[in-house]
Each structure stands twice: as C-alpha cells, then as structure tokens.
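Dropping my_file-v4.cif in here (mmCIF, C-alpha atoms and all ligand atoms):
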```cif
data_data
loop_
_atom_site.label_atom_id
_atom_site.label_comp_id
_atom_site.auth_asym_id
_atom_site.auth_seq_id
_atom_site.Cartn_x
_atom_site.Cartn_y
_atom_site.Cartn_z
CA MET A 112 15.36 23.42 3.17
CA ASN A 113 13.09 23.10 6.18
CA LEU A 114 12.12 19.63 7.37
CA GLU A 115 10.00 20.95 10.23
CA LEU A 116 6.38 19.81 10.08
CA SER A 117 3.62 22.41 9.94
CA GLU A 118 1.21 22.57 12.88
CA GLU A 119 -1.41 20.75 10.81
CA GLN A 120 0.98 17.99 9.76
CA ALA A 121 2.23 17.51 13.33
CA ALA A 122 -1.37 17.32 14.56
CA VAL A 123 -2.45 14.70 12.03
CA ARG A 124 0.68 12.67 12.79
CA GLN A 125 -0.13 12.78 16.52
CA LEU A 126 -3.74 11.79 15.82
CA ALA A 127 -2.52 8.80 13.82
CA LYS A 128 0.06 7.86 16.48
CA ASP A 129 -2.56 7.87 19.24
CA PHE A 130 -5.03 5.91 17.11
CA VAL A 131 -2.43 3.28 16.25
CA ASP A 132 -1.27 2.88 19.86
CA ARG A 133 -4.84 2.63 21.13
CA GLU A 134 -6.75 0.81 18.39
CA ILE A 135 -4.26 -1.08 16.21
CA THR A 136 -1.12 -2.25 18.01
CA PRO A 137 -2.97 -4.06 20.83
CA HIS A 138 -4.87 -6.17 18.25
CA ALA A 139 -2.30 -6.64 15.48
CA ALA A 140 -1.01 -10.05 16.61
CA ALA A 141 -4.52 -11.45 17.11
CA TRP A 142 -5.68 -10.18 13.69
CA ASP A 143 -2.59 -11.73 12.14
CA ARG A 144 -3.31 -15.10 13.75
CA ALA A 145 -7.00 -14.94 12.80
CA GLU A 146 -6.08 -13.86 9.24
CA ARG A 147 -8.64 -11.07 9.57
CA VAL A 148 -8.45 -7.45 10.63
CA ASP A 149 -11.57 -6.37 12.54
CA ARG A 150 -13.59 -4.69 9.82
CA SER A 151 -14.86 -1.98 12.16
CA VAL A 152 -11.42 -0.42 11.77
CA VAL A 153 -12.42 0.85 8.32
CA LYS A 154 -15.17 3.13 9.68
CA LYS A 155 -12.79 4.37 12.38
CA LEU A 156 -10.19 5.24 9.73
CA GLY A 157 -12.88 7.06 7.78
CA GLY A 158 -14.11 8.89 10.88
CA LEU A 159 -10.62 10.26 11.52
CA GLY A 160 -10.34 11.47 7.94
CA PHE A 161 -7.53 9.02 7.12
CA LEU A 162 -9.42 7.63 4.10
CA GLY A 163 -9.94 11.08 2.63
CA LEU A 164 -6.47 12.65 2.83
CA THR A 165 -5.62 14.77 -0.25
CA VAL A 166 -9.17 14.25 -1.62
CA PRO A 167 -11.05 17.57 -2.05
CA GLU A 168 -13.50 18.31 0.77
CA GLU A 169 -16.39 18.85 -1.66
CA TYR A 170 -16.30 15.08 -2.34
CA GLY A 171 -16.11 14.11 1.33
CA GLY A 172 -12.33 14.19 1.50
CA SER A 173 -10.37 15.59 4.42
CA GLY A 174 -7.97 17.67 2.35
CA GLY A 175 -4.42 17.69 3.67
CA ASP A 176 -1.26 17.37 1.64
CA HIS A 177 0.83 14.38 0.61
CA LEU A 178 3.23 14.79 3.51
CA ALA A 179 0.27 14.45 5.90
CA TYR A 180 -0.79 11.36 3.95
CA ALA A 181 2.75 9.93 4.24
CA LEU A 182 2.84 10.63 7.97
CA VAL A 183 -0.46 8.82 8.56
CA THR A 184 0.59 5.92 6.35
CA GLU A 185 3.87 5.59 8.24
CA GLU A 186 2.04 5.46 11.56
CA LEU A 187 -0.39 2.84 10.28
CA GLY A 188 2.55 0.82 8.97
CA ARG A 189 4.17 1.04 12.39
CA GLY A 190 1.03 -0.47 13.90
CA ASP A 191 -0.04 -3.07 11.35
CA SER A 192 0.81 -3.24 7.66
CA ALA A 193 -2.46 -5.11 7.05
CA VAL A 194 -4.36 -1.99 8.13
CA ARG A 195 -1.99 0.35 6.30
CA GLY A 196 -2.66 -1.61 3.11
CA ILE A 197 -6.42 -1.02 3.37
CA VAL A 198 -5.77 2.74 3.26
CA SER A 199 -3.02 2.59 0.63
CA VAL A 200 -5.38 0.75 -1.71
CA SER A 201 -8.86 2.13 -0.94
CA LEU A 202 -7.66 5.73 -0.71
CA GLY A 203 -4.26 5.67 -2.42
CA LEU A 204 -4.99 3.58 -5.49
CA VAL A 205 -8.75 3.93 -5.85
CA ALA A 206 -10.22 7.14 -4.35
CA LYS A 207 -7.27 9.32 -5.35
CA THR A 208 -7.45 7.90 -8.87
CA VAL A 209 -11.19 8.58 -9.11
CA ALA A 210 -10.50 12.13 -7.88
CA ALA A 211 -7.79 12.58 -10.53
CA TRP A 212 -9.45 10.91 -13.53
CA GLY A 213 -13.17 10.65 -12.77
CA ASP A 214 -15.99 12.69 -14.27
CA GLU A 215 -18.33 14.59 -11.98
CA ASP A 216 -20.84 11.72 -11.66
CA GLN A 217 -18.13 9.18 -10.84
CA LYS A 218 -16.62 11.47 -8.21
CA ARG A 219 -20.03 12.19 -6.61
CA ARG A 220 -20.97 8.50 -6.61
CA TRP A 221 -17.79 6.93 -5.27
CA LEU A 222 -15.73 9.46 -3.33
CA PRO A 223 -18.07 10.19 -0.38
CA PRO A 224 -18.52 6.50 0.54
CA LEU A 225 -14.83 5.66 -0.04
CA THR A 226 -13.56 8.55 2.07
CA SER A 227 -16.01 7.95 4.93
CA GLY A 228 -15.25 4.23 5.10
CA ASP A 229 -18.81 3.30 4.13
CA ALA A 230 -17.28 1.66 1.07
CA VAL A 231 -13.94 0.01 0.36
CA GLY A 232 -12.15 0.01 -2.97
CA CYS A 233 -9.77 -2.46 -4.57
CA PHE A 234 -7.40 -2.19 -7.52
CA GLY A 235 -7.62 -4.97 -10.09
CA LEU A 236 -4.59 -4.92 -12.34
CA THR A 237 -2.58 -8.12 -11.75
CA GLU A 238 -3.76 -11.33 -13.39
CA PRO A 239 -2.67 -14.94 -12.96
CA GLY A 240 -0.55 -14.67 -16.13
CA THR A 241 0.55 -11.02 -15.94
CA GLY A 242 2.21 -9.35 -12.97
CA SER A 243 5.23 -7.19 -13.79
CA ASP A 244 4.17 -7.16 -17.44
CA ALA A 245 0.79 -5.64 -16.58
CA GLY A 246 0.40 -4.06 -20.03
CA SER A 247 -0.14 -7.54 -21.47
CA LEU A 248 -3.21 -8.22 -19.33
CA ALA A 249 -5.84 -10.47 -20.89
CA THR A 250 -9.13 -9.52 -19.20
CA ARG A 251 -11.39 -8.25 -21.95
CA ALA A 252 -14.29 -5.79 -21.99
CA VAL A 253 -16.47 -5.92 -25.11
CA ARG A 254 -18.89 -3.14 -25.99
CA ASP A 255 -22.50 -4.29 -26.28
CA GLY A 256 -24.95 -1.43 -26.85
CA ASP A 257 -24.80 0.89 -23.84
CA SER A 258 -22.71 -1.50 -21.80
CA TYR A 259 -19.47 -3.42 -21.63
CA VAL A 260 -19.32 -7.14 -20.93
CA ILE A 261 -16.17 -8.14 -19.06
CA ASN A 262 -14.53 -11.57 -18.86
CA GLY A 263 -11.26 -12.54 -17.22
CA SER A 264 -9.61 -12.89 -13.83
CA LYS A 265 -7.51 -10.86 -11.42
CA MET A 266 -4.97 -12.16 -8.91
CA PHE A 267 -3.72 -11.07 -5.47
CA ILE A 268 -6.23 -8.23 -5.12
CA THR A 269 -5.86 -6.41 -1.79
CA ASN A 270 -9.26 -5.68 -0.15
CA GLY A 271 -10.68 -8.03 -2.79
CA THR A 272 -13.37 -9.68 -0.67
CA TRP A 273 -14.12 -6.49 1.28
CA ALA A 274 -14.42 -4.13 -1.63
CA ASP A 275 -17.59 -2.41 -2.81
CA VAL A 276 -15.97 -1.18 -5.98
CA VAL A 277 -13.19 -2.57 -8.16
CA LEU A 278 -11.02 -0.24 -10.20
CA LEU A 279 -10.59 -2.79 -12.93
CA PHE A 280 -8.29 -2.80 -15.93
CA ALA A 281 -9.40 -4.61 -19.06
CA ARG A 282 -8.51 -4.76 -22.71
CA THR A 283 -11.03 -2.96 -24.93
CA GLY A 284 -9.77 -2.40 -28.48
CA ASP A 285 -7.43 -4.47 -30.60
CA ALA A 286 -4.49 -2.18 -29.92
CA PRO A 287 -1.53 -4.23 -28.71
CA GLY A 288 -0.01 -4.12 -25.20
CA HIS A 289 -0.81 -1.27 -22.88
CA LYS A 290 -2.44 0.82 -25.62
CA GLY A 291 -5.53 -1.40 -25.63
CA VAL A 292 -6.21 -1.15 -21.90
CA SER A 293 -9.14 0.79 -20.37
CA ALA A 294 -10.15 1.35 -16.74
CA PHE A 295 -13.60 0.65 -15.25
CA LEU A 296 -15.30 1.25 -11.92
CA VAL A 297 -17.12 -2.02 -11.34
CA PRO A 298 -19.49 -2.36 -8.35
CA ALA A 299 -18.37 -5.52 -6.56
CA ASP A 300 -21.91 -6.91 -6.36
CA THR A 301 -22.33 -6.95 -10.14
CA PRO A 302 -23.60 -10.39 -11.22
CA GLY A 303 -20.85 -12.60 -12.64
CA LEU A 304 -18.10 -11.19 -10.38
CA GLU A 305 -16.88 -13.91 -8.02
CA ARG A 306 -14.33 -13.28 -5.28
CA ARG A 307 -12.18 -16.00 -3.75
CA GLU A 308 -10.13 -15.14 -0.69
CA ILE A 309 -6.48 -16.23 -0.78
CA HIS A 310 -5.29 -17.72 2.52
CA GLY A 311 -1.87 -18.84 3.72
CA LYS A 312 0.06 -15.64 2.97
CA LEU A 313 3.50 -15.28 4.58
CA GLY A 314 2.59 -11.81 5.88
CA LEU A 315 -0.22 -9.24 5.71
CA ARG A 316 -2.33 -12.10 6.93
CA GLY A 317 -5.05 -9.86 8.33
CA GLN A 318 -5.65 -8.32 4.94
CA ALA A 319 -8.37 -9.65 2.63
CA THR A 320 -6.47 -10.66 -0.51
CA ALA A 321 -8.52 -12.24 -3.25
CA GLU A 322 -8.70 -13.67 -6.71
CA LEU A 323 -11.49 -12.10 -8.78
CA VAL A 324 -13.17 -14.09 -11.52
CA LEU A 325 -15.33 -12.20 -14.01
CA GLN A 326 -17.79 -14.08 -16.16
CA ASP A 327 -19.99 -11.93 -18.41
CA VAL A 328 -19.90 -9.02 -15.96
CA ARG A 329 -22.04 -6.31 -17.51
CA VAL A 330 -21.42 -2.66 -16.61
CA PRO A 331 -22.89 0.49 -18.18
CA ALA A 332 -20.59 2.29 -20.59
CA ASP A 333 -20.32 5.20 -18.15
CA ALA A 334 -18.47 2.90 -15.73
CA MET A 335 -15.37 3.56 -17.82
CA LEU A 336 -12.90 5.79 -15.98
CA ALA A 337 -11.00 8.14 -18.31
CA PRO A 338 -11.16 7.81 -22.09
CA GLU A 339 -10.98 4.43 -23.81
CA GLY A 340 -7.40 3.21 -24.20
CA LYS A 341 -6.13 5.38 -21.34
CA GLY A 342 -6.37 2.61 -18.74
CA PHE A 343 -2.67 1.91 -18.55
CA SER A 344 -1.91 5.60 -17.96
CA VAL A 345 -4.53 5.55 -15.19
CA ALA A 346 -2.90 2.48 -13.62
CA MET A 347 0.65 3.84 -13.86
CA SER A 348 -0.30 7.24 -12.42
CA ALA A 349 -2.06 5.50 -9.52
CA LEU A 350 0.95 3.27 -8.86
CA ALA A 351 3.45 6.13 -9.05
CA LYS A 352 1.71 7.89 -6.16
CA GLY A 353 0.96 4.52 -4.55
CA ARG A 354 4.67 3.84 -4.31
CA MET A 355 5.01 6.79 -1.95
CA SER A 356 2.46 5.29 0.40
CA VAL A 357 4.09 1.85 0.28
CA ALA A 358 7.42 3.52 1.04
CA ALA A 359 5.85 5.37 3.98
CA GLY A 360 4.37 2.12 5.26
CA CYS A 361 7.85 0.58 5.06
CA VAL A 362 9.26 3.44 7.14
CA GLY A 363 6.61 2.53 9.71
CA ILE A 364 7.74 -1.10 9.73
CA ALA A 365 11.38 -0.06 10.14
CA GLN A 366 10.44 2.37 12.94
CA ALA A 367 8.52 -0.39 14.72
CA ALA A 368 11.58 -2.65 14.34
CA LEU A 369 13.78 0.08 15.83
CA ASP A 370 11.44 0.69 18.77
CA ALA A 371 11.21 -3.05 19.50
CA ALA A 372 14.98 -3.60 19.19
CA VAL A 373 15.88 -0.70 21.49
CA GLY A 374 13.24 -1.77 24.01
CA TYR A 375 14.46 -5.35 24.12
CA ALA A 376 18.19 -4.54 24.06
CA THR A 377 17.89 -2.26 27.08
CA GLU A 378 16.10 -4.95 29.13
CA ARG A 379 17.55 -8.31 28.14
CA GLU A 380 20.72 -9.20 30.08
CA GLN A 381 23.56 -11.45 28.98
CA PHE A 382 27.10 -11.62 30.36
CA GLY A 383 25.96 -9.62 33.40
CA ARG A 384 24.64 -6.54 31.63
CA THR A 385 21.96 -5.55 29.16
CA ILE A 386 22.69 -6.63 25.61
CA ALA A 387 22.62 -2.93 24.64
CA HIS A 388 26.12 -2.79 26.20
CA HIS A 389 27.45 -5.16 23.55
CA GLN A 390 28.82 -3.23 20.62
CA LEU A 391 27.64 -5.69 18.00
CA VAL A 392 24.08 -5.30 19.27
CA GLN A 393 24.49 -1.53 19.03
CA GLU A 394 25.62 -2.02 15.45
CA LEU A 395 22.40 -3.88 14.60
CA ILE A 396 20.34 -1.11 16.16
CA THR A 397 22.34 1.63 14.46
CA ASP A 398 21.88 0.00 11.07
CA ILE A 399 18.11 -0.03 11.62
CA ALA A 400 18.10 3.63 12.69
CA VAL A 401 20.02 4.76 9.60
CA ASP A 402 17.63 2.80 7.38
CA VAL A 403 14.65 4.46 9.09
CA ASP A 404 15.99 7.97 8.55
CA ALA A 405 17.13 7.40 4.97
CA ALA A 406 13.85 5.76 3.95
CA ARG A 407 11.82 8.50 5.66
CA LEU A 408 13.74 11.30 3.95
CA LEU A 409 13.37 9.70 0.51
CA THR A 410 9.64 9.33 1.17
CA TRP A 411 9.19 12.90 2.36
CA ARG A 412 10.99 14.12 -0.76
CA VAL A 413 8.37 12.41 -2.91
CA ALA A 414 5.55 13.98 -0.87
CA ASP A 415 7.17 17.38 -1.23
CA LEU A 416 7.55 16.99 -5.00
CA ILE A 417 3.91 15.95 -5.42
CA ASP A 418 2.69 18.82 -3.24
CA ARG A 419 4.73 21.30 -5.28
CA GLY A 420 3.40 19.88 -8.55
CA GLU A 421 6.85 18.71 -9.68
CA PRO A 422 7.62 15.40 -11.48
CA PHE A 423 7.98 12.69 -8.85
CA ALA A 424 7.67 9.24 -10.48
CA THR A 425 11.38 8.35 -10.54
CA GLU A 426 11.84 9.60 -6.98
CA ALA A 427 8.80 7.53 -5.94
CA SER A 428 10.46 4.44 -7.43
CA LYS A 429 13.70 5.23 -5.59
CA ALA A 430 11.84 5.70 -2.30
CA LYS A 431 9.81 2.50 -2.75
CA LEU A 432 12.90 0.50 -3.76
CA PHE A 433 15.00 1.71 -0.87
CA ALA A 434 12.30 1.73 1.81
CA SER A 435 11.01 -1.75 1.00
CA GLU A 436 14.49 -3.29 1.05
CA ALA A 437 15.26 -1.27 4.21
CA ALA A 438 12.11 -2.53 5.94
CA VAL A 439 13.16 -6.13 5.31
CA ARG A 440 16.71 -5.41 6.57
CA ALA A 441 15.43 -3.53 9.61
CA ALA A 442 12.96 -6.22 10.63
CA ASN A 443 15.63 -8.88 10.12
CA ASN A 444 18.14 -6.93 12.23
CA ALA A 445 15.53 -6.47 14.96
CA LEU A 446 14.84 -10.19 14.95
CA GLN A 447 18.58 -10.76 15.46
CA VAL A 448 18.53 -8.45 18.48
CA PHE A 449 15.72 -10.55 19.97
CA GLY A 450 17.74 -13.75 19.55
CA GLY A 451 15.65 -16.93 19.72
CA TYR A 452 12.68 -15.02 21.14
CA GLY A 453 12.46 -13.11 17.89
CA TYR A 454 11.58 -16.34 16.17
CA ILE A 455 8.53 -16.86 18.37
CA ASP A 456 5.12 -15.45 17.48
CA GLU A 457 4.62 -13.95 20.93
CA TYR A 458 7.14 -11.20 20.09
CA PRO A 459 6.39 -8.57 17.42
CA VAL A 460 9.48 -8.73 15.21
CA GLY A 461 8.65 -11.94 13.34
CA LYS A 462 5.44 -10.38 12.05
CA LEU A 463 7.32 -7.24 11.02
CA LEU A 464 9.67 -9.36 8.93
CA ARG A 465 6.84 -11.37 7.36
CA ASP A 466 4.86 -8.21 6.57
CA ALA A 467 7.93 -6.41 5.21
CA ARG A 468 8.75 -9.18 2.80
CA VAL A 469 5.92 -8.44 0.37
CA MET A 470 6.93 -4.78 0.07
CA THR A 471 9.75 -5.64 -2.36
CA LEU A 472 7.24 -7.55 -4.48
CA TYR A 473 4.02 -5.58 -4.91
CA GLU A 474 3.33 -2.27 -6.61
CA GLY A 475 6.33 -3.12 -8.77
CA THR A 476 9.06 -5.50 -7.62
CA SER A 477 12.52 -4.18 -6.71
CA GLN A 478 13.74 -5.33 -10.10
CA ILE A 479 11.00 -3.35 -11.86
CA GLN A 480 11.81 -0.23 -9.79
CA LYS A 481 15.44 -0.55 -10.88
CA LEU A 482 14.36 -0.72 -14.53
CA VAL A 483 12.15 2.35 -14.09
CA ILE A 484 15.00 4.29 -12.46
CA GLY A 485 17.49 3.00 -15.04
CA ARG A 486 15.22 4.12 -17.86
CA ALA A 487 14.99 7.62 -16.39
CA LEU A 488 18.76 7.81 -16.01
CA THR A 489 19.76 6.45 -19.40
CA GLY A 490 16.76 7.18 -21.60
CA VAL A 491 16.82 3.52 -22.61
CA SER A 492 13.87 1.28 -21.78
CA ALA A 493 14.65 -2.31 -20.78
CA PHE A 494 10.99 -3.30 -20.91
C1 LIG B 501 -0.11 -9.66 -0.82
C2 LIG B 501 -0.20 -9.11 -2.20
C3 LIG B 501 -1.09 -8.09 -2.49
C4 LIG B 501 -1.22 -7.59 -3.78
N1 LIG B 501 -2.16 -6.64 -4.06
C5 LIG B 501 -2.41 -6.30 -5.35
C6 LIG B 501 -3.51 -5.45 -5.68
O1 LIG B 501 -4.22 -4.95 -4.80
N2 LIG B 501 -3.77 -5.20 -6.98
C7 LIG B 501 -3.01 -5.73 -7.99
O2 LIG B 501 -3.32 -5.47 -9.15
N3 LIG B 501 -1.95 -6.52 -7.71
C8 LIG B 501 -1.64 -6.84 -6.42
N4 LIG B 501 -0.59 -7.68 -6.12
C9 LIG B 501 0.21 -8.22 -7.21
C10 LIG B 501 1.63 -7.68 -7.26
O3 LIG B 501 1.62 -6.35 -7.68
C11 LIG B 501 2.42 -8.62 -8.19
O4 LIG B 501 2.61 -9.83 -7.46
C12 LIG B 501 3.73 -8.02 -8.63
O5 LIG B 501 3.51 -6.98 -9.55
C13 LIG B 501 4.66 -9.05 -9.28
O6 LIG B 501 3.98 -9.78 -10.25
P1 LIG B 501 4.07 -11.39 -10.23
O7 LIG B 501 3.78 -11.84 -8.86
O8 LIG B 501 3.24 -11.91 -11.34
O9 LIG B 501 5.59 -11.71 -10.50
P2 LIG B 501 6.32 -11.75 -11.94
O10 LIG B 501 6.02 -10.53 -12.72
O11 LIG B 501 6.06 -13.07 -12.58
O12 LIG B 501 7.84 -11.66 -11.50
C14 LIG B 501 8.58 -12.79 -11.01
C15 LIG B 501 10.04 -12.36 -10.84
O13 LIG B 501 10.59 -11.97 -12.11
C16 LIG B 501 11.12 -10.65 -12.00
N5 LIG B 501 10.91 -9.96 -13.28
C17 LIG B 501 9.77 -9.89 -14.04
N6 LIG B 501 10.00 -9.15 -15.14
C18 LIG B 501 11.28 -8.73 -15.08
C19 LIG B 501 12.11 -7.92 -15.92
N7 LIG B 501 11.64 -7.36 -17.04
N8 LIG B 501 13.40 -7.74 -15.55
C20 LIG B 501 13.87 -8.27 -14.40
N9 LIG B 501 13.15 -9.04 -13.55
C21 LIG B 501 11.87 -9.25 -13.90
C22 LIG B 501 10.32 -9.99 -10.88
O14 LIG B 501 11.04 -8.89 -10.33
C23 LIG B 501 10.20 -11.16 -9.91
O15 LIG B 501 11.38 -11.28 -9.16
C24 LIG B 501 -0.40 -8.13 -4.81
C25 LIG B 501 0.52 -9.14 -4.52
C26 LIG B 501 0.64 -9.64 -3.25
C27 LIG B 501 1.62 -10.75 -2.98
#
```
Could you quickly redo this structure as structure tokens?
Amino acid sequence: MNLELSEEQAAVRQLAKDFVDREITPHAAAWDRAERVDRSVVKKLGGLGFLGLTVPEEYGGSGGDHLAYALVTEELGRGDSAVRGIVSVSLGLVAKTVAAWGDEDQKRRWLPPLTSGDAVGCFGLTEPGTGSDAGSLATRAVRDGDSYVINGSKMFITNGTWADVVLLFARTGDAPGHKGVSAFLVPADTPGLERREIHGKLGLRGQATAELVLQDVRVPADAMLAPEGKGFSVAMSALAKGRMSVAAGCVGIAQAALDAAVGYATEREQFGRTIAHHQLVQELITDIAVDVDAARLLTWRVADLIDRGEPFATEASKAKLFASEAAVRAANNALQVFGGYGYIDEYPVGKLLRDARVMTLYEGTSQIQKLVIGRALTGVSAF
C-alpha cells in the first residue's frame, strides 16, 4: 500500500492550503461573529475548481478524484467549517448527485453554474418532524398535469437562504416509508417557496442554515431527479459519499486544533518553562495528533474505495463516526491546552469546539452511524 500523494493530489492540496491561509483563516472569527461568511468566497471556490471536483469536465467540473476532494475538504475544514460546509453540500450533496442521477438536460442546466460558483445548491431532506427517520418524511408532491405541486417544510437546511436550487425530497405515491419518496430539483425562486434563516446556532455560525416552507410550489414534471419512488436511494447515495467529506472536514478541525495547541504550548510559560515541557500537556497534544492521523487514514480509505469503484458505504460511516467524535475530542483537548484563554473568543479553539459539535449530529448522528455499521456486521437491521 502506498500512501504517497500523486503530483496532482499534492498540487491541489497545496492550492487549497494557500487559499485557506490567505482567504479564509484571517476572516473566520469575524464571519463567525457576524453569523455570515462573505458570499464572494463562493465564486473564489468555484474559480479554483473546488466546487467541481470529481464532476466530469464536460459539465464544467474540474475532474480530480475523491482523494483530491478529501484533501481540499480537509483544508477548508482546517480554515473554517462554515466554508467547508458550503462545498460539502453544494458540490458533495447536490452537484455530485445531479452528475450521478441526472438526465442530460438536468446535468447541462445545473452542473455548470453549481461548479463555477454562479449557483449554490442545498439538500432538503430533514423536516421538523423527521430527522434520523428521514424515510418517514411528510412533504408531499402531487402530480397535476405536466407538473407536480409540492407542500411541506424542511428544517436545518445548509445553504438554505443562499441556494439557487434545492435538491428536495418529497412523498409522491402512496407507498409507505422510504418507498414513496421521490427527488426533485426545485429552483429556489419558485413561487410558494419561503426560506427562513435560522440564527443562534452553537457553531457553523457563518453558514446560512434555513427552514424551507413550501406552499403549492409548482415544478414541471421533468424537475424529478431519477425515477419516481427512487428518491430515498438518491438521498442515501448522496449521504454515503457526503459522509466522506464531513469526515475530511473533521480531520481539518482536528488538524487546526493540533496546530493551535502546539503553537500555544511552545510559547506559554508556567512554572518557569513553556507548558510544552509539562508531560500532561504533551499527553493532551499527543492524543490530538493520534486522532488526526487515525481520522485521516479512515477518510483516505473511503476515498480510495470510491475511486477504485469498490463498496464504501460502511467504511464511510466508520470514518464519519470516528472523525466527528475525534474532532470534538481534539478541539476539547486543544481548549484544555489553552487554559482559560481557550474559553475566550479571541483565541481560535473555542470556535473549533463549537463547529465540531454538530459533526456528530448531521448527515446521520453517531448513533445512526453505529446502527448502519452494526447492520453491515450482523445482517440485522435495527431500524
Ligand atoms: C447545522 C445543521 C445543518 C444541517 N444541514 C442539513 C441539510 O443541509 N440538509 C438536511 O436535510 N438536513 C440537515 N441537517 C439536519 C440533520 O441531518 C439532522 O439534525 C440529523 O439527521 C438528526 O435529526 P434530528 O435533529 O431530527 O434528531 P432526531 O432524529 O430526533 O434524533 C434525536 C436523538 O435521538 C437519536 N436517535 C434517533 N433515532 C435513533 C435510533 N433509531 N436509535 C438510536 N438513537 C436514535 C439520535 O441519534 C439523536 O441523539 C442539519 C442539521 C444541523 C444542526
């Protein structure tokens, strides 16, 4: 096994590193306080090709493999998880899903603007009453001539107020549970679609998270992505790959925690020498470093499996489970290294901890990942 990056992968990683150090990290604290990332960042991400990774070039994508995608996502996560989330959703959950499931017209219409950053996508699965049990969603799309009329609401939608297109999941037939779910590409300016930004989040404050309310939203029948009744498969396939990008973002958080902890420990003095001399501080730092490496290797394994066309869903759940819990641990350990200063907004580790905290909740909670992994191991479904 060779873990050495190819020239192309190393170059894209360096490009992302430089971009993050220059354009993201210096602004992350201010965007967090303002609860708004500067929207111009989206076009910059598009210009660098970061919104088109793994998407075929004929649709405006920048090609690249999943390891390159993971490397870029890690770097963005190191800089600001609010920015990383824009990419994970607009590219990871929406554009990649259109590329995988869309017909020619849908790909030609949506992929060029999504990959260039001229448009932003959001993923509308969760509802006020259905989170982990997404297959029971209640939003309904009813066929009316050549169109569908959609009614319902969606909760906690990342990019919700910024999005130009919603990959929306709604119940079409009478089939129970996930079998009755279909996917639609709904332009966000369709009459009847109202978006309400959610403020006061613990972390990811710079990210535009919204509730979507749909009242008689009419879309042409060709807005349906994939055949009728296949919506849940579309959602699950998107989330399986999405888990790799969340895991990579978590590696970025843990790496940022490690960098901050080492930097502080080698400067701050107590008892006449830097705190790095104290063995218990070294233990905190070592624990972060092991978490970084383990989470990164699990994430790279998923990328490798996807790129080789092998099954990867269980490994993606393992990587997401471990990396998200590791990011929380790492940020918490870094905060401990900073002592009381870690608790103050002026230092970066508090934000890392707040941003990390949601990673064990979205795109499948840690409990749900354990059930997915348990099902693969035992053949018994606990759902
Ligand atoms: C900042 C943010 C951004 C988000 N972005 C998006 C987005 O872009 N698109 C989208 O569709 N959704 C998004 N979500 C929603 C997210 O995916 C859900 O919050 C998540 O799936 C959990 O659903 P829930 O909050 O309804 O919790 P619930 O499903 O109500 O779970 C509550 C608790 O019960 C546990 N639980 C539930 N079922 C079981 C079970 N069978 N066994 C054991 N434990 C169980 C859960 O693990 C959790 O601890 C986002 C959420 C947040 C906070």
Taking all atoms of region 156-163 of chain A that the file lists and extending 3 Å past them on each side, where is the centre of the axis-aligned box and how long are its edges? Answer in Å to one decimal, as JSON.
```
{"center_x": -10.8, "center_y": 8.4, "center_z": 7.1, "size_x": 12.6, "size_y": 12.2, "size_z": 14.9}
```
Neighbourhood of ligand LIG 501 (chain B) at 8 Å, counting all atoms listed in the file, reported as a PyMOL selection string
chain A and resi 200+233-245+265-271+312+314-315+320+469+472-479+482+493-494
Compare A:Val362, A:Val152, A:Leu446, A:Val324 by their minimum atom-to-atom distance to Ala376 (chain A), counting only C-alpha atoms, and give me the closest one.
A:Leu446
Between A:Leu114, A:Ala140, A:Leu178, A:Val345, which one has atoms that come closest to Val209 (chain A), using all atoms listed in the file?
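Once distances to Val209 (chain A) are computed over all atoms listed in the file, the minimum belongs to A:Val345.
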Neighbourhood query: residues within 9 Å of (-10.7, -16.4, -1.2), file coordinates, counting all atoms listed in the file; return as a list in words.
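Selection result: Gly271, Thr272, Arg306, Arg307, Glu308, Ile309, His310, Ala319, Thr320, Ala321, Glu322 and Leu323 of chain A.
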Report the closest atom pair, with its distance in Å rounded to one decimal, for each residue of region 259-328 of chain A that has an atom no farther than 9 Å from region 212-228 of chain A; count all atoms listed in the file, sort by chain and then rising residue number, and write it as CSV.
```
residue,atom,partner,partner_atom,distance
A:Asp275,CA,A:Leu225,CA,9.0
A:Val276,CA,A:Trp221,CA,8.3
A:Leu296,CA,A:Gln217,CA,8.5
```
Show me, as a list in words, the residues that have an atom within 6 Å of region 248-259 of chain A when counting all atoms listed in the file, minus same-chain residues fewer than 6 positions from it.
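Residues meeting the cut-off are Thr241, Ala281, Arg282, Thr283, Arg329, Val330, Pro331 and Ala332 of chain A.
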Could you tell me which of A:Glu436, A:Asp300, A:Glu134, A:Asp176 comes closest to Leu156 (chain A) if we count all atoms listed in the file?
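Of all the options, A:Glu134 lies closest to Leu156 (chain A).
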What lies within 8 Å of Asn444 (chain A) using all atoms listed in the file, ignoring chain neighbours under 4 positions off, as a VMD selection string?
chain A and resid 395 to 396 398 to 399 440 448
Please report the interatomic distance between CA of Lys341 (chain A) and CA of Thr301 (chain A) in Å with one decimal.
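Separating CA of Lys341 (chain A) from CA of Thr301 (chain A) is a distance of 23.2 Å.
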Which residue, A:Ala441, A:Met470, A:Ile197, A:Ala349, has the smallest gap to Leu313 (chain A) when you use only C-alpha atoms?
A:Met470
Residues within 10 Å of Gln366 (chain A), only C-alpha atoms, excluding chain neighbours under 3 positions, as a compact mmCIF listing (two decimals) with C-alpha atoms, keeping the file's coordinate frame:
```
# COMPACT_ATOMS: atom_id res chain seq x y z
CA GLU A 185 3.87 5.59 8.24
CA GLU A 186 2.04 5.46 11.56
CA GLY A 188 2.55 0.82 8.97
CA ARG A 189 4.17 1.04 12.39
CA GLY A 190 1.03 -0.47 13.90
CA GLY A 360 4.37 2.12 5.26
CA CYS A 361 7.85 0.58 5.06
CA VAL A 362 9.26 3.44 7.14
CA GLY A 363 6.61 2.53 9.71
CA LEU A 369 13.78 0.08 15.83
CA ASP A 370 11.44 0.69 18.77
CA ALA A 371 11.21 -3.05 19.50
CA ALA A 372 14.98 -3.60 19.19
CA ILE A 399 18.11 -0.03 11.62
CA ALA A 400 18.10 3.63 12.69
CA ASP A 402 17.63 2.80 7.38
CA VAL A 403 14.65 4.46 9.09
CA ASP A 404 15.99 7.97 8.55
CA ARG A 407 11.82 8.50 5.66
CA ALA A 438 12.11 -2.53 5.94
CA ALA A 441 15.43 -3.53 9.61
CA ALA A 442 12.96 -6.22 10.63
```
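Proximity to Ala206 (chain A) was assessed for A:Val231, A:Asp132, A:Val373, A:Gly303 counting only C-alpha atoms; the smallest distance is recorded for A:Val231.
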Measuring atom to atom with all atoms listed in the file, identify which of A:Ser356, A:Ile261, A:Ser344, A:Phe280 is nearest to Val328 (chain A).
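Distance minimum relative to Val328 (chain A) lands on A:Ile261.
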